[in-house]
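Here's the structure we're looking at; comments come further down.
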Amino acid sequence: ILHPKPAGLVLQYGTAGFRTNAKQLDHIMFRMGLLATLRSRKTKATIGVMVTASHNPEEDNGVKLIDPMGEMLTATWEDFATQLANTEQKELLAALKDIINKEAINMKLEAEVFEDDNVGVFAASNCFCCCCSVLSDYGLVTTPQLHYMVCCQNSHGQYGEATVEGYCSKLSQAFLALSKNASNRTDDQKHLFVDGANGIGAPKLREVESHLKKQLQISIFNDGSRGKLNHQCGADFVKVQQKPPTGVEISPGDRCCSFDGDADRIVYYYTDSRGFFHLLDGDKIATLISTFLKELLVQAGLDLKIAVVQTAYANGSSTRYLEDTMKVIVRCTKTGVKHLHHAAQEFDIGVYFEANGHGTVLFSKTAEEKVQLLAKSTNINDERKRAALLLQNTVNVINQTVGDAISDMLLIEAILAIKGMTVQQWDAIYSDLPNRQLKVTVSDRRVIETTDAERRAVSPAGLQEAIDGLVKKYKQARSFVRPSGTEDVVRVYAEADSQESADALAHEVSLAVH
Ligand code: 16G
Ligand code: ZN
């Protein structure tokens, strides 16, 4: 039998598709190839299949499907994916037929699947050849590039050209137009240090950089030539460890950022003259971007509703700053990009970021049309015109299909340049509350159930009361627990007025989980 399923192995299509040791994924790859062809026939559109370890170690791997407009696979089909993955070999055909019937799929239609495999150590491509025609094999691209190209393909070029070159030129043209609005910058100010997490982001960033006409000068570290994927480097390492990645030589004040392995996350950081490390995570990024957009909306005289979408992990200071000082709407959703993406779609402009650095901005159709119209109009004053053009180019530099480290980086760099802002000034917009994340291993993490966007536990009985009691002991404190969607652990988050308090609270809460 080709691609047999290890007996008894049960996997779940989770927040980021299937994810496990690469050795256990062969049958999953095969079955997801099959499911992709069904999804393609159902939607009469091109579907993406992404194979990546993302921010995880090299030997871990994952596969997920990308829906027609570049979004994550829709929920009912996540269930089909789980069913198909766990069906024993001899029932596979019946399981496929079941999906075909339930969704009334016309098997006479042709299927079109874009496939990408961005992890060198594990090639899944051959699995697909036997089950569907892979029309266009992009070879190695970043996760967000694949989302982008699926969207381009299905919107018939309206979103851009469905090639890597098309992606590079759309984003870089928008970046160059934005950076024309920056006053004279020194070479130092144009210099950015990038940690590529030894993943696909580094070579893809080089391709983009060649279009940037030296308006951004990039030094890339951890480009995959020496180190291991996500090992002691990358956005997840930097965020969780709260320290710089290894393999990067930086001096105090240098502006740096880290991608994760498949380049859908980004965090910024610098060290100060006393050697202290300063992290600018997804919350700081959301604040910078939403402030910039809000100012432009005022200057352009456009009445569009802007909101920021966060998760329970968002630093309390960021939420307070956004609500109280910036006066923007803030929403909180469950962890996982699809939840944030969905919530952001409810506004004219929805800025969404997870604290871990995954995020983007969504513009409603109305918002885009209003911006386009204003940018074209001739009878408005210079200030409005300038703001409208800046908004137009901001829309173009953003990859709206999913969080994209390269696109986010270009937008952030453009904003800092236009505002003449240093990374220190950006950092000073608000001060993060000290925080700590821990993971706890329990016999069954599913006994923990949460509500209120994962901020409160409803079971087991008594847990939330215990957490409330502990939180009361500290100042400006907050804590929550949630079962991980990607690992067999319970995650604990705590923040408080000092690092000692945050550490102590996280520790006490993890004891309460046992
Ligand atoms: C996945 C999610 C990410 C989330 C993380 C949480 C996507 C594409 N990725 O990596 O957004 O932050 O899971 O992991 O949705 P956890 O459930 O183990 O804490
Ligand atoms: Zn990733």
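Order determines the names: the first chain of the structure tokens is A, the second B, and so forth; residues in each chain are numbered 1 upward, and ligands are numbered 1 upward as they are shown.
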Name the residues, by chain letter and number, that sit within 8 Å of ligand 2 using only C-alpha atoms and all ligand atoms, and give them as a PyMOL selection string. chain A and resi 52-55+143+260-265+358
Dump the neighbourhood of ligand 1 as a list in words: all residues within 6 Å, distances computed on only C-alpha atoms and all ligand atoms. Thr15, Ala16, Thr335, Gly336, Val337, Lys338, Ser484, Gly485, Thr486 and Glu487 of chain A
Select from region 317-411 of chain A every residue with an atom at most 10 Å from any atom of region 239-252 of chain A, then for each give the shortest pair of atoms and their distance in Å to one decimal, using only C-alpha atoms, rows by chain and rising number, as a Markdown table.
| residue | atom | partner | partner_atom | distance |
| --- | --- | --- | --- | --- |
| A:Ala355 | CA | A:Lys239 | CA | 8.5 |
| A:Asn356 | CA | A:Lys239 | CA | 6.4 |
| A:Gly357 | CA | A:Lys239 | CA | 8.5 |
Please save N, CA and C atoms of the selected residues as a PDB file, in the first residue's frame.
ATOM      1  N   ALA A 355       0.553  38.522  19.786  1.00  0.00           N
ATOM      2  CA  ALA A 355       1.767  39.035  20.429  1.00  0.00           C
ATOM      3  C   ALA A 355       3.014  38.360  19.847  1.00  0.00           C
ATOM      4  N   ASN A 356       2.866  37.127  19.377  1.00  0.00           N
ATOM      5  CA  ASN A 356       4.014  36.396  18.827  1.00  0.00           C
ATOM      6  C   ASN A 356       4.481  36.901  17.469  1.00  0.00           C
ATOM      7  N   GLY A 357       3.810  37.906  16.927  1.00  0.00           N
ATOM      8  CA  GLY A 357       4.293  38.540  15.705  1.00  0.00           C
ATOM      9  C   GLY A 357       3.589  38.130  14.424  1.00  0.00           C
TER      10      GLY A 357
END
Determine, counting only C-alpha atoms, which protein, DNA and RNA residues have an atom within 9 Å of an atom of Lys419 (chain A); residues of the same chain fewer than 2 positions away are not included. Present the result as JSON, numbers by chain. {"A": [182, 183, 292, 414, 415, 416, 417, 421, 422]}
Output file for the selection above: C-alpha atoms, as a PDB file, in the first residue's frame:
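Final output, again05.pdb:
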ATOM      1  CA  ALA A 182      10.602  60.229   4.297  1.00  0.00           C
ATOM      2  CA  SER A 183      12.924  63.163   4.774  1.00  0.00           C
ATOM      3  CA  PHE A 292      -0.125  55.541  11.501  1.00  0.00           C
ATOM      4  CA  ALA A 414       8.251  52.740   5.782  1.00  0.00           C
ATOM      5  CA  ILE A 415       6.303  54.042   8.795  1.00  0.00           C
ATOM      6  CA  LEU A 416       9.473  54.598  10.844  1.00  0.00           C
ATOM      7  CA  ALA A 417      11.051  56.406   7.899  1.00  0.00           C
ATOM      8  CA  MET A 421      11.105  57.672  14.256  1.00  0.00           C
ATOM      9  CA  THR A 422      13.852  55.556  15.810  1.00  0.00           C
TER      10      THR A 422
END
Near Ala81 (chain A), within 12 Å and counting only C-alpha atoms, which residues show up once chain neighbours fewer than 6 positions away are dropped, as an NGL selection string? :A and (10-14 or 17-18 or 28-36 or 38-39 or 63-65 or 73-75 or 87 or 95-96 or 99)
Just the strand (DSSP E) stuff from region 233-344 of chain A, please, per backbone DSSP, written as a short mmCIF file (atom, residue, chain, number, x, y, z; two decimals) with C-alpha atoms, in the first residue's frame.
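Here's the written file selection_15.cif:
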data_model
loop_
_atom_site.label_atom_id
_atom_site.label_comp_id
_atom_site.auth_asym_id
_atom_site.auth_seq_id
_atom_site.Cartn_x
_atom_site.Cartn_y
_atom_site.Cartn_z
CA CYS A 256 16.79 44.25 14.30
CA CYS A 257 14.00 41.86 13.50
CA SER A 258 13.47 38.10 13.46
CA PHE A 259 11.29 36.08 11.09
CA ILE A 266 8.04 38.98 12.74
CA VAL A 267 9.25 40.67 15.93
CA TYR A 268 11.62 43.64 16.30
CA TYR A 269 14.20 44.34 19.01
CA TYR A 270 17.33 46.25 19.99
CA THR A 271 19.71 46.39 22.91
CA PHE A 277 17.27 43.83 25.53
CA HIS A 278 14.09 45.51 24.26
CA LEU A 279 11.48 43.48 22.40
CA LEU A 280 8.92 45.06 20.08
CA ILE A 306 -10.58 51.08 12.40
CA ALA A 307 -10.09 48.36 15.01
CA VAL A 308 -7.25 46.33 16.47
CA VAL A 309 -7.76 42.61 17.09
CA GLN A 310 -5.64 40.89 19.73
CA THR A 311 -5.63 37.68 21.78
CA ILE A 329 -11.78 49.76 19.12
CA VAL A 330 -10.00 46.69 20.49
CA ARG A 331 -11.33 43.15 20.10
CA CYS A 332 -10.00 39.99 21.71
CA THR A 333 -10.33 36.56 20.08
#
Determine which residues of region 285-505 of chain A receive a DSSP assignment of helix (DSSP H, G or I), computed from the backbone, and state them as a count of residues only. 102
Using only C-alpha atoms, which protein or nucleic acid residues come within 9 Å of Arg445 (chain A)? Drop anything in the same chain fewer than 2 positions from it, and give the result as an MDAnalysis selection string. chainID A and resid 441:443 447:449 482:484 488:490
Which residues of region 471-501 of chain A have any atom within 8 Å of an atom in region 463-467 of chain A when counting only C-alpha atoms, and what is the closest pair of atoms for each, with the distance in Å to one decimal? Order the rows by chain and rising number and write it as CSV.
residue,atom,partner,partner_atom,distance
A:Val471,CA,A:Ile467,CA,6.1
A:Ser479,CA,A:Ile467,CA,7.1
A:Phe480,CA,A:Ile467,CA,7.5
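Minimum atom-to-atom distances from A:Leu297, A:Val402, A:Leu212, A:Ala343 to Cys151 (chain A) were compared using only C-alpha atoms, and the lowest value belongs to A:Val402.
The nearest approach to Asn222 (chain A) among the residues A:Gly201, A:Ala494, A:Lys439, A:Val351, with only C-alpha atoms taken into account, belongs to A:Gly201.
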Long-range neighbours of Ala174 (chain A) as a list in words, 6 Å cut-off, only C-alpha atoms, 2 positions minimum in chain: Leu171, Ser172, Leu176, Ala177, Asn393, Asn396 and Val397 of chain A
Could you take the residues named above and write them with N, CA and C atoms, as a short mmCIF file (atom, residue, chain, number, x, y, z; two decimals), in the first residue's frame?
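Output (selection_34.cif):
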data_model
loop_
_atom_site.label_atom_id
_atom_site.label_comp_id
_atom_site.auth_asym_id
_atom_site.auth_seq_id
_atom_site.Cartn_x
_atom_site.Cartn_y
_atom_site.Cartn_z
N LEU A 171 5.02 44.65 -3.85
CA LEU A 171 5.38 45.12 -2.51
C LEU A 171 6.48 46.17 -2.55
N SER A 172 7.49 45.93 -3.39
CA SER A 172 8.60 46.87 -3.37
C SER A 172 8.22 48.21 -4.00
N LEU A 176 8.67 51.68 -2.09
CA LEU A 176 9.45 52.82 -2.63
C LEU A 176 8.60 54.08 -2.68
N ALA A 177 7.33 53.93 -3.05
CA ALA A 177 6.44 55.10 -3.09
C ALA A 177 6.27 55.67 -1.68
N ASN A 393 -0.75 53.40 -1.02
CA ASN A 393 0.47 52.59 -1.05
C ASN A 393 0.59 51.67 0.15
N ASN A 396 -1.21 48.64 -0.69
CA ASN A 396 -0.47 47.81 -1.63
C ASN A 396 0.74 47.08 -1.04
N VAL A 397 1.31 47.63 0.01
CA VAL A 397 2.50 46.99 0.59
C VAL A 397 2.08 45.83 1.50
#
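The space separating CA of Ser219 (chain A) from CA of Arg206 (chain A) comes to 9.7 Å.
Coordinates place CA of His156 (chain A) at a distance of 13.9 Å from CA of Ile47 (chain A).
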Between A:Cys168, A:Ala512, A:Leu25, A:Val113, which is the closest to Val440 (chain A) once you count only C-alpha atoms? A:Ala512
From the options A:Val509, A:Asn61, A:Arg255, A:Asn56, which residue's atoms come nearest to Gly469 (chain A), counting only C-alpha atoms?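 Ranking A:Val509, A:Asn61, A:Arg255, A:Asn56 by distance to Gly469 (chain A), first place goes to A:Val509.
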Taking into account only C-alpha atoms, which residue in the set A:Ala504, A:Ala457, A:Ala286, A:Ile66 is nearest to Thr401 (chain A)? A:Ile66
